[in-house]
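Novice: So here's structure_4.cif, just mmCIF, C-alpha atoms:
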data_entry
loop_
_atom_site.label_atom_id
_atom_site.label_comp_id
_atom_site.auth_asym_id
_atom_site.auth_seq_id
_atom_site.Cartn_x
_atom_site.Cartn_y
_atom_site.Cartn_z
CA MET A 4 -46.79 66.04 -11.49
CA TYR A 5 -49.95 66.98 -9.61
CA ILE A 6 -49.20 70.72 -9.81
CA ALA A 7 -48.60 70.51 -13.57
CA LEU A 8 -51.84 68.58 -14.15
CA LEU A 9 -53.73 70.96 -11.85
CA ILE A 10 -52.50 73.96 -13.89
CA LEU A 11 -53.53 72.17 -17.08
CA GLY A 12 -56.98 71.21 -15.77
CA LEU A 13 -57.75 74.65 -14.36
CA GLY A 14 -56.38 76.29 -17.52
CA ILE A 15 -58.59 74.27 -19.89
CA THR A 16 -61.57 74.86 -17.62
CA GLY A 17 -60.80 78.59 -17.64
CA ILE A 18 -60.62 78.57 -21.45
CA TYR A 19 -64.05 76.96 -21.66
CA LEU A 20 -65.61 79.35 -19.15
CA THR A 21 -64.05 82.43 -20.76
CA ASN A 22 -64.90 81.55 -24.36
CA ASN A 23 -68.21 79.73 -24.00
CA ILE A 24 -69.89 80.96 -20.79
CA TYR A 25 -68.66 84.37 -19.65
CA SER A 26 -68.60 85.69 -23.24
CA ARG A 27 -72.40 85.29 -23.35
CA ILE A 28 -73.02 87.73 -20.50
CA ASP A 29 -74.27 90.99 -22.02
CA MET A 30 -74.51 93.65 -19.31
CA GLU A 31 -75.99 96.25 -21.70
CA LYS A 32 -78.97 94.01 -22.50
CA GLU A 33 -78.83 92.44 -19.03
CA SER A 34 -79.18 89.02 -20.61
CA PHE A 35 -77.36 85.79 -21.31
CA VAL A 36 -77.02 85.94 -25.08
CA CYS A 37 -76.50 83.33 -27.77
CA ILE A 38 -73.48 84.41 -29.82
CA ASN A 39 -73.36 83.70 -33.54
CA TYR A 40 -69.69 82.87 -34.06
CA PHE A 41 -69.96 82.68 -37.82
CA ASP A 42 -71.35 84.65 -40.71
CA GLU A 43 -74.28 82.87 -42.32
CA ALA A 44 -73.09 80.19 -44.74
CA ALA A 45 -73.50 80.86 -48.46
CA ASN A 46 -76.28 78.27 -48.81
CA HIS A 47 -76.98 76.65 -45.47
CA VAL A 48 -75.20 74.59 -42.85
CA GLY A 49 -72.26 72.65 -44.30
CA ALA A 50 -71.71 75.07 -47.18
CA ASP A 51 -68.04 74.14 -47.74
CA PHE A 52 -68.90 70.45 -47.66
CA ARG A 53 -71.75 70.86 -50.14
CA THR A 54 -69.93 73.06 -52.66
CA GLY A 55 -66.47 71.61 -52.13
CA ILE A 56 -66.62 67.85 -51.62
CA TYR A 57 -70.17 66.70 -52.38
CA ARG A 58 -71.28 68.46 -55.55
CA PRO A 59 -67.95 68.33 -57.47
CA PRO A 60 -67.77 64.48 -57.40
CA LYS A 61 -71.39 64.38 -58.58
CA ALA A 62 -70.50 66.71 -61.46
CA GLU A 63 -67.41 64.64 -62.28
CA LEU A 64 -69.51 61.47 -62.42
CA HIS A 65 -71.72 63.28 -64.96
CA ARG A 66 -68.59 64.12 -66.99
CA GLU A 67 -68.75 67.85 -66.24
CA ASN A 68 -65.45 69.73 -66.15
CA ILE A 69 -65.20 70.76 -62.50
CA TYR A 70 -62.03 72.85 -62.88
CA LEU A 71 -62.69 74.84 -66.05
CA THR A 72 -66.18 75.70 -64.79
CA GLY A 73 -64.78 76.83 -61.43
CA LEU A 74 -66.87 74.27 -59.54
CA SER A 75 -63.83 73.05 -57.58
CA ASN A 76 -60.33 74.11 -56.60
CA TYR A 77 -59.63 70.98 -54.54
CA PRO A 78 -56.98 68.39 -55.56
CA PRO A 79 -58.14 65.61 -57.92
CA PHE A 80 -57.54 62.96 -55.26
CA THR A 81 -59.89 64.82 -52.89
CA ILE A 82 -62.70 64.49 -55.43
CA LEU A 83 -62.00 60.76 -55.77
CA PHE A 84 -61.65 60.30 -51.99
CA PHE A 85 -65.09 61.73 -51.25
CA THR A 86 -66.90 60.13 -54.19
CA PRO A 87 -68.37 57.30 -51.99
CA LEU A 88 -70.55 59.96 -50.33
CA GLN A 89 -72.58 59.98 -53.56
CA LEU A 90 -74.26 56.83 -52.21
CA PHE A 91 -76.19 59.16 -49.88
CA ASP A 92 -78.27 62.28 -50.36
CA GLU A 93 -76.60 65.59 -49.60
CA ASP A 94 -77.99 66.13 -46.10
CA THR A 95 -77.25 62.55 -44.99
CA ALA A 96 -73.72 62.82 -46.38
CA TYR A 97 -73.20 66.02 -44.36
CA ILE A 98 -74.19 64.21 -41.13
CA ILE A 99 -71.72 61.45 -42.02
CA ILE A 100 -68.98 64.04 -42.52
CA VAL A 101 -69.76 65.60 -39.13
CA ALA A 102 -69.29 62.17 -37.53
CA LEU A 103 -66.04 61.61 -39.45
CA LEU A 104 -64.68 65.04 -38.45
CA THR A 105 -65.39 64.28 -34.80
CA LEU A 106 -63.75 60.84 -34.99
CA ALA A 107 -60.77 62.26 -36.88
CA ASN A 108 -60.10 64.79 -34.12
CA ILE A 109 -60.34 62.10 -31.47
CA GLY A 110 -58.10 59.76 -33.47
CA ALA A 111 -55.40 62.37 -34.13
CA LEU A 112 -55.26 63.36 -30.45
CA LEU A 113 -55.27 59.73 -29.30
CA MET A 114 -52.34 58.79 -31.55
CA SER A 115 -50.46 61.92 -30.44
CA THR A 116 -51.04 60.93 -26.81
CA LEU A 117 -49.74 57.41 -27.42
CA LEU A 118 -46.61 58.81 -29.06
CA VAL A 119 -46.10 61.22 -26.17
CA GLY A 120 -46.48 58.38 -23.69
CA ASP A 121 -43.93 56.17 -25.44
CA ILE A 122 -41.36 58.81 -26.34
CA LEU A 123 -41.62 61.38 -23.53
CA LEU A 124 -43.35 60.09 -20.43
CA THR A 125 -41.67 56.70 -20.21
CA ARG A 126 -38.34 58.51 -19.79
CA LEU A 127 -39.52 59.89 -16.43
CA ASN A 128 -38.96 56.51 -14.76
CA LEU A 129 -42.34 56.70 -13.07
CA GLU A 130 -44.58 53.76 -12.29
CA SER A 131 -46.58 52.69 -15.34
CA SER A 132 -49.83 53.68 -13.61
CA ASN A 133 -48.57 57.25 -13.22
CA VAL A 134 -47.57 57.41 -16.88
CA VAL A 135 -51.05 56.24 -17.87
CA THR A 136 -52.60 58.82 -15.52
CA ILE A 137 -50.60 61.69 -17.03
CA ALA A 138 -51.28 60.59 -20.61
CA THR A 139 -55.00 60.16 -19.94
CA ALA A 140 -55.22 63.60 -18.31
CA LEU A 141 -53.45 65.19 -21.27
CA PHE A 142 -55.72 63.45 -23.78
CA ILE A 143 -58.96 64.34 -21.99
CA ALA A 144 -57.89 67.96 -21.41
CA ILE A 145 -56.93 68.63 -25.04
CA LEU A 146 -59.92 66.70 -26.38
CA PHE A 147 -62.26 68.83 -24.26
CA TYR A 148 -60.38 71.94 -25.40
CA THR A 149 -60.87 70.81 -29.01
CA ILE A 150 -64.56 69.96 -29.04
CA SER A 151 -65.56 73.01 -26.97
CA GLY A 152 -63.62 75.50 -29.09
CA TYR A 153 -64.52 77.86 -31.90
CA PRO A 154 -62.32 76.14 -34.56
CA PHE A 155 -64.17 72.83 -34.09
CA MET A 156 -67.56 74.55 -34.19
CA PHE A 157 -66.47 76.46 -37.32
CA SER A 158 -65.31 73.27 -39.06
CA ILE A 159 -68.63 71.55 -38.29
CA GLU A 160 -70.66 74.58 -39.41
CA ARG A 161 -68.83 74.71 -42.73
CA GLY A 162 -68.24 70.97 -43.08
CA ASN A 163 -64.57 71.55 -43.80
CA TYR A 164 -62.35 68.50 -43.57
CA ASP A 165 -58.96 69.67 -42.25
CA SER A 166 -59.42 67.25 -39.33
CA ILE A 167 -59.43 64.30 -41.73
CA ALA A 168 -56.21 65.52 -43.36
CA ILE A 169 -54.40 65.92 -40.05
CA PHE A 170 -55.66 62.48 -38.95
CA PHE A 171 -53.88 60.83 -41.90
CA ALA A 172 -50.78 62.97 -41.30
CA ILE A 173 -50.54 61.91 -37.64
CA LEU A 174 -51.29 58.31 -38.65
CA GLY A 175 -48.25 58.41 -40.94
CA ILE A 176 -46.08 59.69 -38.07
CA TYR A 177 -47.56 57.09 -35.71
CA LEU A 178 -46.64 54.28 -38.13
CA MET A 179 -43.18 55.80 -38.50
CA VAL A 180 -42.55 55.35 -34.78
CA LYS A 181 -44.54 52.18 -34.09
CA LYS A 182 -44.01 50.32 -37.38
CA PRO A 183 -40.82 51.81 -38.85
CA GLU A 184 -40.57 49.07 -41.49
CA THR A 185 -43.87 50.11 -43.13
CA LEU A 186 -42.33 52.80 -45.37
CA TRP A 187 -44.98 52.56 -48.09
CA TRP A 188 -47.88 52.90 -45.66
CA GLN A 189 -46.22 55.93 -44.06
CA VAL A 190 -45.77 57.53 -47.48
CA ILE A 191 -49.37 56.70 -48.44
CA CYS A 192 -50.82 58.22 -45.23
CA ILE A 193 -48.87 61.47 -45.43
CA SER A 194 -49.53 61.68 -49.19
CA ILE A 195 -53.28 61.26 -48.59
CA ALA A 196 -53.09 64.13 -46.10
CA ALA A 197 -51.17 66.28 -48.60
CA HIS A 198 -53.64 65.57 -51.41
CA LEU A 199 -56.62 66.36 -49.19
CA LYS A 200 -55.13 69.60 -47.86
CA MET A 201 -51.79 70.45 -49.42
CA TYR A 202 -50.09 71.87 -46.30
CA PRO A 203 -49.39 68.44 -44.61
CA ALA A 204 -46.68 68.05 -47.27
CA ALA A 205 -44.44 69.77 -44.69
CA LEU A 206 -44.26 66.41 -42.92
CA PHE A 207 -42.31 64.84 -45.78
CA ILE A 208 -39.32 66.34 -43.96
CA VAL A 209 -39.96 63.77 -41.21
CA LEU A 210 -40.09 60.94 -43.76
CA LEU A 211 -36.83 62.14 -45.28
CA TYR A 212 -35.20 62.29 -41.84
CA LYS A 213 -36.39 58.80 -40.92
CA HIS A 214 -35.78 56.92 -44.18
CA GLY A 215 -33.41 59.10 -46.18
CA ARG A 216 -33.25 58.46 -49.92
CA LYS A 217 -35.32 55.28 -49.57
CA MET A 218 -38.49 57.38 -49.34
CA ILE A 219 -37.94 59.29 -52.59
CA ILE A 220 -39.17 56.71 -55.11
CA PRO A 221 -42.25 55.67 -53.05
CA ALA A 222 -43.11 59.34 -52.44
CA ILE A 223 -42.80 60.28 -56.12
CA PHE A 224 -44.79 57.25 -57.27
CA VAL A 225 -47.65 57.64 -54.77
CA ASN A 226 -48.00 61.39 -55.26
CA VAL A 227 -47.93 61.21 -59.06
CA VAL A 228 -50.65 58.53 -58.97
CA MET A 229 -52.78 60.69 -56.65
CA LEU A 230 -52.25 63.84 -58.70
CA LEU A 231 -53.28 61.99 -61.88
CA SER A 232 -56.19 60.17 -60.25
CA LEU A 233 -58.69 62.12 -62.42
CA GLY A 234 -56.47 62.19 -65.48
CA TYR A 235 -53.65 64.33 -66.81
CA LYS A 236 -55.77 67.26 -68.00
CA ASN A 237 -57.58 67.62 -64.67
CA ALA A 238 -54.21 67.60 -62.89
CA ILE A 239 -52.93 70.46 -65.07
CA TRP A 240 -56.14 72.46 -64.68
CA PHE A 241 -56.04 71.98 -60.90
CA ILE A 242 -52.44 73.26 -60.71
CA GLU A 243 -53.35 76.35 -62.76
CA ILE A 244 -56.38 77.08 -60.57
CA MET A 245 -54.38 76.55 -57.38
CA ILE A 246 -51.69 79.01 -58.48
CA ASP A 247 -54.31 81.70 -59.13
CA TYR A 248 -56.10 80.86 -55.85
CA THR A 249 -52.86 81.10 -53.87
CA LEU A 250 -51.81 84.41 -55.38
CA ALA A 251 -55.16 86.09 -54.67
CA PRO A 252 -56.27 84.95 -51.22
CA GLN A 253 -59.18 86.40 -49.29
CA VAL A 254 -57.77 88.84 -46.73
CA TRP A 255 -59.89 89.03 -43.59
CA VAL A 256 -59.60 88.62 -39.84
CA GLY A 257 -60.35 84.87 -40.03
CA ASN A 258 -57.50 84.10 -42.45
CA HIS A 259 -54.49 83.66 -40.17
CA SER A 260 -51.81 83.15 -42.85
CA GLY A 261 -48.77 85.45 -42.84
CA PHE A 262 -49.83 86.89 -46.20
CA SER A 263 -53.36 87.63 -44.96
CA PHE A 264 -52.11 89.07 -41.65
CA ALA A 265 -49.96 91.56 -43.56
CA GLY A 266 -52.91 92.50 -45.78
CA TYR A 267 -55.19 92.88 -42.78
CA MET A 268 -52.58 95.03 -41.04
CA LEU A 269 -52.41 97.29 -44.09
CA GLU A 270 -56.19 97.73 -43.96
CA ARG A 271 -55.98 98.74 -40.30
CA ILE A 272 -52.86 100.91 -40.65
CA PRO A 273 -53.02 102.51 -44.13
CA ASP A 274 -49.80 104.48 -43.55
CA LEU A 275 -47.87 101.21 -43.98
CA ALA A 276 -49.12 100.79 -47.56
CA ILE A 277 -45.76 101.87 -49.01
CA TYR A 278 -44.24 98.75 -47.41
CA SER A 279 -46.95 96.40 -48.68
CA THR A 280 -44.69 93.96 -50.55
CA GLU A 281 -42.03 93.94 -47.84
CA LEU A 282 -44.58 93.24 -45.09
CA LYS A 283 -46.22 90.40 -47.00
CA ASN A 284 -42.85 88.82 -47.72
CA PHE A 285 -41.65 89.28 -44.13
CA PHE A 286 -44.69 87.75 -42.45
CA THR A 287 -44.72 84.89 -44.96
CA LEU A 288 -41.02 84.08 -44.58
CA LEU A 289 -40.78 84.43 -40.79
CA PRO A 290 -42.60 81.14 -39.97
CA ILE A 291 -40.41 79.35 -42.54
CA ILE A 292 -37.25 80.64 -40.87
CA ILE A 293 -38.47 79.50 -37.44
CA TRP A 294 -39.37 76.09 -38.90
CA VAL A 295 -35.96 75.69 -40.60
CA PHE A 296 -34.12 76.38 -37.34
CA SER A 297 -36.43 74.01 -35.45
CA CYS A 298 -35.78 71.23 -37.99
CA TYR A 299 -32.03 71.86 -37.88
CA TYR A 300 -31.88 71.58 -34.09
CA CYS A 301 -34.09 68.47 -34.11
CA VAL A 302 -31.86 66.66 -36.59
CA ARG A 303 -28.57 67.95 -35.24
CA LEU A 304 -29.10 67.75 -31.49
CA LEU A 305 -31.72 65.12 -30.66
CA LYS A 306 -32.02 61.35 -30.70
CA PRO A 307 -34.13 59.88 -33.55
CA ASP A 308 -37.35 59.10 -31.67
CA ILE A 309 -37.70 62.48 -29.94
CA SER A 310 -36.54 64.18 -33.14
CA ILE A 311 -39.48 62.67 -35.07
CA LEU A 312 -41.92 63.91 -32.43
CA MET A 313 -40.39 67.39 -32.28
CA LEU A 314 -40.18 67.69 -36.08
CA THR A 315 -43.89 66.91 -36.24
CA MET A 316 -44.70 69.42 -33.51
CA ALA A 317 -42.62 72.18 -35.16
CA SER A 318 -44.04 71.55 -38.64
CA ILE A 319 -47.70 71.90 -37.70
CA PRO A 320 -47.68 75.68 -36.95
CA LEU A 321 -46.09 76.20 -40.38
CA MET A 322 -49.13 74.48 -41.92
CA CYS A 323 -51.31 77.27 -40.52
CA THR A 324 -49.19 80.32 -41.31
CA LEU A 325 -47.49 79.57 -44.65
CA PRO A 326 -50.35 78.81 -47.07
CA THR A 327 -51.88 82.11 -48.12
CA VAL A 328 -55.35 80.69 -47.38
CA SER A 329 -55.67 79.50 -43.76
CA HIS A 330 -59.17 80.11 -42.45
CA ASP A 331 -59.89 79.65 -38.75
CA TYR A 332 -61.50 76.20 -39.04
CA LYS A 333 -57.98 75.04 -39.92
CA LEU A 334 -56.78 75.89 -36.38
CA LEU A 335 -57.84 72.36 -35.43
CA VAL A 336 -54.64 71.01 -36.97
CA LEU A 337 -52.71 72.83 -34.22
CA HIS A 338 -54.22 70.76 -31.44
CA PRO A 339 -51.99 67.65 -31.77
CA ALA A 340 -48.98 69.99 -31.70
CA ILE A 341 -50.34 71.79 -28.64
CA LEU A 342 -50.83 68.41 -26.95
CA VAL A 343 -47.22 67.43 -27.68
CA PHE A 344 -45.88 70.80 -26.52
CA ILE A 345 -47.86 70.79 -23.28
CA SER A 346 -46.71 67.20 -22.71
CA LEU A 347 -43.10 68.34 -23.16
CA LEU A 348 -43.61 71.10 -20.58
CA VAL A 349 -45.25 68.66 -18.15
CA TYR A 350 -42.29 66.32 -18.64
CA LYS A 351 -39.83 69.14 -17.88
CA ILE A 352 -41.82 70.25 -14.82
CA ILE A 353 -41.88 66.73 -13.36
CA ARG A 354 -38.19 66.24 -14.12
CA ASP A 355 -36.77 69.63 -13.02
CA SER A 356 -39.63 71.68 -11.52
CA ARG A 357 -38.23 74.98 -12.78
CA LEU A 358 -40.23 78.20 -12.51
CA TRP A 359 -39.64 78.98 -16.21
CA ASP A 360 -41.41 75.79 -17.27
CA TYR A 361 -44.40 76.57 -15.04
CA LEU A 362 -44.58 80.04 -16.61
CA GLN A 363 -44.34 78.53 -20.10
CA LEU A 364 -47.23 76.17 -19.32
CA VAL A 365 -49.37 79.11 -18.21
CA LEU A 366 -48.33 81.08 -21.32
CA VAL A 367 -49.23 78.20 -23.66
CA ILE A 368 -52.64 77.91 -21.98
CA ALA A 369 -53.15 81.67 -22.47
CA LEU A 370 -52.17 81.40 -26.15
CA SER A 371 -54.54 78.44 -26.49
CA LEU A 372 -57.35 80.50 -24.99
CA PHE A 373 -57.07 83.19 -27.67
CA ILE A 374 -56.42 80.70 -30.48
CA SER A 375 -59.75 79.03 -29.69
CA ARG A 376 -61.60 82.33 -29.17
CA SER A 377 -63.79 83.60 -32.02
CA PHE A 378 -62.93 86.98 -33.50
CA LYS A 379 -66.61 87.80 -32.96
CA ILE A 380 -66.06 88.14 -29.21
CA ILE A 381 -62.74 90.03 -29.25
CA ALA A 382 -62.98 93.81 -29.14
CA ASP A 383 -62.12 95.54 -32.43
CA PRO A 384 -59.01 97.42 -31.16
CA TYR A 385 -57.36 94.04 -30.48
CA TRP A 386 -57.38 92.96 -34.15
CA TYR A 387 -53.83 91.59 -33.81
CA ILE A 388 -55.25 88.94 -31.44
CA SER A 389 -58.47 88.43 -33.38
CA ASN A 390 -56.31 87.28 -36.25
CA LYS A 391 -54.44 84.23 -34.96
CA TYR A 392 -51.17 84.67 -36.89
CA LEU A 393 -49.15 86.34 -34.10
CA LEU A 394 -50.43 83.83 -31.54
CA ILE A 395 -49.29 80.90 -33.69
CA LEU A 396 -45.97 82.63 -34.33
CA VAL A 397 -45.30 83.03 -30.59
CA LEU A 398 -46.25 79.38 -30.08
CA SER A 399 -43.78 78.26 -32.76
CA ILE A 400 -41.00 80.40 -31.23
CA LEU A 401 -41.61 78.78 -27.83
CA MET A 402 -41.42 75.37 -29.48
CA LEU A 403 -38.12 76.34 -31.12
CA VAL A 404 -36.61 77.47 -27.81
CA ASN A 405 -37.62 74.26 -26.05
CA ILE A 406 -36.33 72.08 -28.89
CA TYR A 407 -32.97 73.85 -28.67
CA TYR A 408 -32.64 73.39 -24.92
CA LEU A 409 -33.50 69.69 -25.08
CA LYS A 410 -29.84 69.25 -25.97
CA LYS A 411 -29.14 69.64 -22.23
CA ASP A 412 -31.28 66.61 -21.37
CA PRO A 413 -29.16 63.43 -21.58
CA ALA A 414 -32.31 61.40 -22.22
CA PHE A 415 -32.88 63.20 -25.53
CA ALA A 416 -29.57 64.69 -26.66
CA ARG A 417 -27.45 62.98 -29.28
CA SER A 418 -24.08 61.82 -28.05
CA ALA A 419 -20.92 62.75 -29.95
CA VAL A 420 -20.90 59.24 -31.44
CA GLU A 421 -24.54 59.49 -32.58
CA ALA A 422 -24.21 62.97 -34.08
CA GLN A 423 -24.12 63.01 -37.87
CA PRO A 424 -23.07 65.83 -40.20
CA ILE A 425 -25.95 67.76 -41.74
#
Have the structure of the file written as structure tokens, please.

Specialist:
Amino acid sequence: MYIALLILGLGITGIYLTNNIYSRIDMEKESFVCINYFDEAANHVGADFRTGIYRPPKAELHRENIYLTGLSNYPPFTILFFTPLQLFDEDTAYIIIVALLTLANIGALLMSTLLVGDILLTRLNLESSNVVTIATALFIAILFYTISGYPFMFSIERGNYDSIAIFFAILGIYLMVKKPETLWWQVICISIAAHLKMYPAALFIVLLYKHGRKMIIPAIFVNVVMLLSLGYKNAIWFIEIMIDYTLAPQVWVGNHSGFSFAGYMLERIPDLAIYSTELKNFFTLLPIIIWVFSCYYCVRLLKPDISILMLTMASIPLMCTLPTVSHDYKLLVLHPAILVFISLLVYKIIRDSRLWDYLQLVLVIALSLFISRSFKIIADPYWYISNKYLLILVLSILMLVNIYYLKKDPAFARSAVEAQPI
């Protein structure tokens, strides 16, 4: 236990020093420089917040058509959700959003830690004080990793609200485990997440696993109401805009989707242009294939409680790589999954103390280092690391492998009696 926590603590400290301290040493200028991680925002600080979730509700309140004029490409429910910010002026509302983003990150990690404690760590048969110690160390380490990293800084600089979406998604999973009878609240939380940022819809697979057909009617009802929250015409216009937006994403180093990675690769290696369509399809489909196998093994091999946790963990990397638009501030949604995965490795180390699990823990910390490292401070020849797609892909493969081998742990594996046909 102490060795695992020591590796984790030293690893997170090393990430901070490497990305935030040592990267500022400029030997050519012989100075300690201040690095600008981001290009200047289109207007000023909080540009995405101002143009995306503050000004569109104001225009909607003045009966302007926010979709036909191109003022917004966000879901109708998002516009309604952030309308209360109109009670404040734009700069004050931005400060409020910064506070909410910070609290949302803390809340998502805290709920993930509580789930890890109840589902994973209690199976170690340790004293309760040791379980609390491990859980607290995990929470503090990943929280420090989050707030000191480039994705968090990027999200604050732009005022983008992915953290709020993942908070509601994790809240839905938390209720699923802690309050399994609250089906409607679980559906509402995950639906809010999906109508703020569409990618959390991947977690409906967890609802379907937990509740079966009982979740279908609540899910349809809640999502139709949210989609039509600004009226039928706005819903149709939003869908049309979203289709165009998805089919023509911005391809650049900071868009870590599979589609963008393929486009960025073609820019760097023009000789591959003849395989353009094949590469885009391959890198888009690969994360889906990994996710499908992960879900299959969760449902087929594992007990219900650990299956819910592992399904959540495996679905989060897909949220970053599948949508064609996945800018780097969205990397924050990975952090609850990283917390769960590191917790799983710590569990395996305490239980079996195998060299492979120690090596995996070190590898995950190394992946986390580059995931939280700005492309601005990675040398140009290493573009395949500057863009985070391959790093997330390796992380999801490691998750898949560990999910599969959980079948050997009697504490988590389904018995022959429990197993159900798929």

Novice: For the provided coordinates, the residues matched by the PyMOL selection byres ((chain A and resi 83) around 10) should be stated as a list of chain:residue names.

Specialist: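 Answer for the PyMOL selection byres ((chain A and resi 83) around 10): A:Ile56, A:Pro59, A:Pro60, A:Glu63, A:Pro78, A:Pro79, A:Phe80, A:Thr81, A:Ile82, A:Phe84, A:Phe85, A:Thr86, A:Pro87, A:Met229, A:Ser232, A:Leu233.
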
Novice: Would you translate the PyMOL selection byres ((chain A and resi 126) around 12) into the concrete set of residues it matches in this file, as number ranges by chain?

Specialist: A: 119-125, 127-131, 134, 308-309, 347, 350-351, 353-354, 412-415

Novice: Using all atoms listed in the file, pick whichever of A:Phe142, A:Tyr299, A:Tyr361, A:Tyr408 has the shortest atom-to-atom distance to A:Ile6.

Specialist: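 Between A:Phe142, A:Tyr299, A:Tyr361, A:Tyr408, the residue approaching A:Ile6 most closely is A:Tyr361.
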
Novice: Decode the PyMOL selection byres ((chain A and resi 283-296) around 9) for the given file into explicit residues and return them as a VMD selection string.

Specialist: chain A and resid 260 to 266 278 to 282 297 to 301 314 317 to 318 320 to 321 324 to 327 396 399 to 400 403

Novice: Between A:Ile388, A:Leu118, A:Leu20, A:Leu393, which is the closest to A:Lys181 once you count all atoms listed in the file?

Specialist: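 Looking at the shortest contact to A:Lys181, the residue is A:Leu118.
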
Novice: From the options A:Ile145, A:Ala196, A:Ile341, A:Leu11, which residue's atoms come nearest to A:Tyr164, counting all atoms listed in the file?

Specialist: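 Checking each candidate against A:Tyr164, we get A:Ala196 as the closest.
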
Novice: N, CA and C atoms are what I want for stretch 398-415 of chain A; can you complete it accordingly and write them as a compact mmCIF listing (two decimals), keeping the file's coordinate frame?

Specialist:
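Final output, selection24.txt:
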# COMPACT_ATOMS: atom_id res chain seq x y z
N LEU A 398 -46.25 80.79 -30.43
CA LEU A 398 -46.25 79.38 -30.08
C LEU A 398 -45.09 78.66 -30.76
N SER A 399 -44.86 78.94 -32.03
CA SER A 399 -43.78 78.26 -32.76
C SER A 399 -42.41 78.68 -32.24
N ILE A 400 -42.27 79.94 -31.80
CA ILE A 400 -41.00 80.40 -31.23
C ILE A 400 -40.74 79.67 -29.90
N LEU A 401 -41.77 79.53 -29.08
CA LEU A 401 -41.61 78.78 -27.83
C LEU A 401 -41.20 77.34 -28.10
N MET A 402 -41.80 76.74 -29.12
CA MET A 402 -41.42 75.37 -29.48
C MET A 402 -39.95 75.32 -29.88
N LEU A 403 -39.52 76.29 -30.69
CA LEU A 403 -38.12 76.34 -31.12
C LEU A 403 -37.17 76.43 -29.93
N VAL A 404 -37.47 77.30 -28.99
CA VAL A 404 -36.61 77.47 -27.81
C VAL A 404 -36.51 76.17 -27.02
N ASN A 405 -37.64 75.50 -26.83
CA ASN A 405 -37.62 74.26 -26.05
C ASN A 405 -36.92 73.13 -26.79
N ILE A 406 -37.06 73.08 -28.10
CA ILE A 406 -36.33 72.08 -28.89
C ILE A 406 -34.82 72.30 -28.72
N TYR A 407 -34.40 73.55 -28.79
CA TYR A 407 -32.97 73.85 -28.67
C TYR A 407 -32.42 73.41 -27.31
N TYR A 408 -33.15 73.69 -26.25
CA TYR A 408 -32.64 73.39 -24.92
C TYR A 408 -32.82 71.93 -24.51
N LEU A 409 -33.47 71.13 -25.35
CA LEU A 409 -33.50 69.69 -25.08
C LEU A 409 -32.12 69.06 -25.20
N LYS A 410 -31.20 69.77 -25.84
CA LYS A 410 -29.84 69.25 -25.97
C LYS A 410 -29.18 69.07 -24.61
N LYS A 411 -29.70 69.75 -23.58
CA LYS A 411 -29.14 69.64 -22.23
C LYS A 411 -29.68 68.44 -21.47
N ASP A 412 -30.69 67.77 -22.04
CA ASP A 412 -31.28 66.61 -21.37
C ASP A 412 -30.62 65.35 -21.92
N PRO A 413 -29.86 64.62 -21.09
CA PRO A 413 -29.16 63.43 -21.58
C PRO A 413 -30.09 62.37 -22.15
N ALA A 414 -31.36 62.40 -21.72
CA ALA A 414 -32.31 61.40 -22.22
C ALA A 414 -32.67 61.63 -23.68
N PHE A 415 -32.47 62.86 -24.17
CA PHE A 415 -32.88 63.20 -25.53
C PHE A 415 -31.73 63.63 -26.43
